[in-house]
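> Handing you a structure now.
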Amino acid sequence: MASHSRRRPLRKRRTALVLAVAVAAVGVLLSLVMALRLDSEPNAVRAAAEPAAGNQSSAPAATPEQKAKPSPKPKPKPKPKPKPSKASPTPTATTPSERPSPTSAPRSSPRPVSGTAPLAGRIRPQVTYKGVATHYDAADGDGACLYGPSPDLMVAAMNHTDYETSKACGAHILVRAANGASVTVRITNECPLPCAPGQLDLSKEAFAKLAGLSAGRIPITWSLLSPSTSDTVSIRYKTGSSRHWCGIQALGHRNPLARLEVRTGSGWTRLTRTEYNYFLSPDGTGCGGPLRLTDIYGEQLTVDGIAIRPDAVQPTRVQFARH
């Protein structure tokens, strides 16, 4: 009996040991199954499930359709219109194609009719230009514009570039010196090269209003004027003019003259302007007939009854408006 009682505890120990081994075997089996399942997953799935190191973004990945769609371009902002430079260098004789350098932006005209000058050439109204002034002996004031003797000697010769085939003839110019002095002159002559764009060759009398003649050459600014006047425009036919050929000149116009036309059967015909300030009709077209004058602002004056009288100055009753 004593021996049997000693065997029962050994059997219990064996049973417990078997149970422990079985539990351990089941655990090992389960671990192997889980490991096999993890190894069977595609790499792409595992990569998508695990965030990249340091990536804090939670936004979903873009689809192919979203990546293919370009983002809209921003609309370009309009560029501001360039303003005339206030620091333009003084023109030199080596750049004859340049315009005179403006020193201030064009200002709006106080009168509506003065707002634009569509027929102006290089010299435009309400713009201040920069250059130099020299002086010459103007004698009686006559010059390349062939106006004849001037009633006063407040005259000037425009540099070749801004003379622009006599388009500057008759223009009234306000000239200012650095010392504050000023003088108003009328363009009656041309200053040939090497006179630079912007340069004015003043009569000695006009230069003396700005500085002593010994100065010889001084910096200036100048601008176009539309002066007050009680005079009217006059017409003159050139020497040798007839019904077969004529040259026509306008004198005393308040504003620079842009065109001179003659009337024909089909309307108005524009004549060609020469560098000596006459408009030519080489075949006599319109000679002795009605004339139409146009200034740089586009105003037109019609003149009738001017006979072909060579070298005679014939006044009219018309004048351009002041601007």
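Lettering and numbering for the structure tokens are positional, with chains as A, B, ... in the shown order, residues counted from 1 in each chain, and ligands counted from 1 in the shown order.
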Compile the contact shell of Glu205 (chain A) as a ChimeraX atom specification: residues with an atom at most 7 Å away, counting only C-alpha atoms, same-chain residues fewer than 2 positions apart removed.
/A:153-154,203,207-209
> Grab the residues selected above and save them as a PDB file, in the first residue's frame with N, CA, C and O atoms.

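Below is the file part_17.pdb, written as the result:
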```pdb
ATOM      1  N   LEU A 153      15.218 139.766 -84.207  1.00  0.00           N
ATOM      2  CA  LEU A 153      16.300 138.799 -84.310  1.00  0.00           C
ATOM      3  C   LEU A 153      16.231 137.725 -83.219  1.00  0.00           C
ATOM      4  O   LEU A 153      17.241 137.082 -82.905  1.00  0.00           O
ATOM      5  N   MET A 154      15.049 137.514 -82.662  1.00  0.00           N
ATOM      6  CA  MET A 154      14.864 136.408 -81.719  1.00  0.00           C
ATOM      7  C   MET A 154      14.585 135.142 -82.531  1.00  0.00           C
ATOM      8  O   MET A 154      13.457 134.620 -82.605  1.00  0.00           O
ATOM      9  N   SER A 203      20.606 133.060 -82.460  1.00  0.00           N
ATOM     10  CA  SER A 203      21.209 134.326 -82.890  1.00  0.00           C
ATOM     11  C   SER A 203      21.964 134.904 -81.695  1.00  0.00           C
ATOM     12  O   SER A 203      21.657 134.595 -80.530  1.00  0.00           O
ATOM     13  N   PHE A 207      20.958 134.563 -77.745  1.00  0.00           N
ATOM     14  CA  PHE A 207      21.878 133.929 -76.798  1.00  0.00           C
ATOM     15  C   PHE A 207      22.216 134.883 -75.651  1.00  0.00           C
ATOM     16  O   PHE A 207      22.343 134.460 -74.494  1.00  0.00           O
ATOM     17  N   ALA A 208      22.354 136.158 -75.979  1.00  0.00           N
ATOM     18  CA  ALA A 208      22.708 137.153 -74.962  1.00  0.00           C
ATOM     19  C   ALA A 208      21.637 137.279 -73.892  1.00  0.00           C
ATOM     20  O   ALA A 208      21.913 137.777 -72.789  1.00  0.00           O
ATOM     21  N   LYS A 209      20.415 136.829 -74.165  1.00  0.00           N
ATOM     22  CA  LYS A 209      19.351 136.850 -73.157  1.00  0.00           C
ATOM     23  C   LYS A 209      19.565 135.751 -72.099  1.00  0.00           C
ATOM     24  O   LYS A 209      18.984 135.799 -71.017  1.00  0.00           O
TER      25      LYS A 209
END
```
> So how far away is CA of Ile187 (chain A) from CA of Asp311 (chain A), in Å?
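Atom-to-atom, CA of Asp311 (chain A) and CA of Ile187 (chain A) are spaced 20.6 Å apart.
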> Do a neighbour search on His253 (chain A) at 9 Å with only C-alpha atoms, toss out local chain neighbours closer than 4 positions, and write the hits as an NGL selection string.
:A and (170-171 or 231-234 or 257 or 295 or 319-320)
> Determine which residues of region 193-304 of chain A DSSP labels as helix (DSSP H, G or I) from the backbone of this structure, then write them out as a ChimeraX atom specification.
/A:204-207,213-215
> Go ahead and compute the interatomic distance for CA of His135 (chain A) and CA of Ser223 (chain A), in Å to one decimal.
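Spanning CA of His135 (chain A) to CA of Ser223 (chain A) is a straight-line distance of 18.2 Å.
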> Please report the interatomic distance between CA of Pro227 (chain A) and CA of Asp137 (chain A) in Å with one decimal.
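According to the coordinates, CA of Pro227 (chain A) and CA of Asp137 (chain A) are separated by 25.1 Å.
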> Identify, with DSSP run on backbone atoms, the residues in region 85-274 of chain A assigned to strand (DSSP E or B), and express the list as an NGL selection string.
:A and (101-102 or 128-136 or 155-159 or 172-177 or 182-191 or 200-203 or 218-225 or 234-237 or 246-251 or 257-264 or 267-270 or 272-273)
> List as a ChimeraX atom specification the protein and nucleic acid residues near Ser226 (chain A), meaning an atom at most 10 Å away when only C-alpha atoms are counted, but skip any in the same chain fewer than 4 places from it.
/A:125-126,171-173,253-256,320-323
> Kindly indicate which residue among A:Pro192, A:Gly131, A:Pro151, A:Gly180 lies nearest to Trp222 (chain A), using only C-alpha atoms for the distances.
A:Gly131
> Would you kindly return, as a list in words, each protein, DNA or RNA residue with an atom no farther than 7 Å from any atom of region 283-289 of chain A, considering only C-alpha atoms and excluding same-chain residues fewer than 6 positions away?
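The residues satisfying every condition are Arg243, His244, Trp245, Cys246, Val262, Arg263, Thr264, Asp304, Ile306, Ala307 and Ile308 of chain A.
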> Just checking: using only C-alpha atoms, which residue out of A:Ala133, A:Leu271, A:Leu251, A:Ile296 ends up closest to Gly148 (chain A)?
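Among A:Ala133, A:Leu271, A:Leu251, A:Ile296, it is A:Leu251 that comes nearest to Gly148 (chain A).
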> So which residues touch Thr134 (chain A) within 8 Å, counting only C-alpha atoms, skipping near sequence neighbours fewer than 4 positions away, as a VMD selection string?
chain A and resid 199 to 202 207 216 to 218
> Would you put the residues from that selection into a file with N, CA, C and O atoms, as an mmCIF file, in the first residue's frame?

```
data_model
loop_
_atom_site.group_PDB
_atom_site.id
_atom_site.type_symbol
_atom_site.label_atom_id
_atom_site.label_comp_id
_atom_site.auth_asym_id
_atom_site.auth_seq_id
_atom_site.Cartn_x
_atom_site.Cartn_y
_atom_site.Cartn_z
ATOM 1 N N GLN A 199 20.284 120.292 -79.957
ATOM 2 C CA GLN A 199 21.056 121.533 -79.976
ATOM 3 C C GLN A 199 20.323 122.637 -80.729
ATOM 4 O O GLN A 199 19.688 122.400 -81.759
ATOM 5 N N LEU A 200 20.423 123.862 -80.208
ATOM 6 C CA LEU A 200 19.897 125.051 -80.872
ATOM 7 C C LEU A 200 21.042 126.028 -81.077
ATOM 8 O O LEU A 200 21.806 126.309 -80.148
ATOM 9 N N ASP A 201 21.150 126.558 -82.288
ATOM 10 C CA ASP A 201 22.132 127.598 -82.585
ATOM 11 C C ASP A 201 21.360 128.911 -82.608
ATOM 12 O O ASP A 201 20.623 129.200 -83.558
ATOM 13 N N LEU A 202 21.495 129.683 -81.566
ATOM 14 C CA LEU A 202 20.713 130.910 -81.402
ATOM 15 C C LEU A 202 21.411 132.094 -82.072
ATOM 16 O O LEU A 202 22.644 132.129 -82.201
ATOM 17 N N PHE A 207 20.958 134.563 -77.745
ATOM 18 C CA PHE A 207 21.878 133.929 -76.798
ATOM 19 C C PHE A 207 22.216 134.883 -75.651
ATOM 20 O O PHE A 207 22.343 134.460 -74.494
ATOM 21 N N GLY A 216 29.903 130.901 -75.097
ATOM 22 C CA GLY A 216 30.002 130.091 -76.307
ATOM 23 C C GLY A 216 29.021 128.945 -76.405
ATOM 24 O O GLY A 216 28.320 128.791 -77.404
ATOM 25 N N ARG A 217 28.929 128.130 -75.346
ATOM 26 C CA ARG A 217 28.111 126.920 -75.367
ATOM 27 C C ARG A 217 27.586 126.671 -73.959
ATOM 28 O O ARG A 217 28.365 126.555 -73.024
ATOM 29 N N ILE A 218 26.271 126.570 -73.820
ATOM 30 C CA ILE A 218 25.681 126.389 -72.488
ATOM 31 C C ILE A 218 24.605 125.296 -72.534
ATOM 32 O O ILE A 218 23.970 125.074 -73.571
#
```
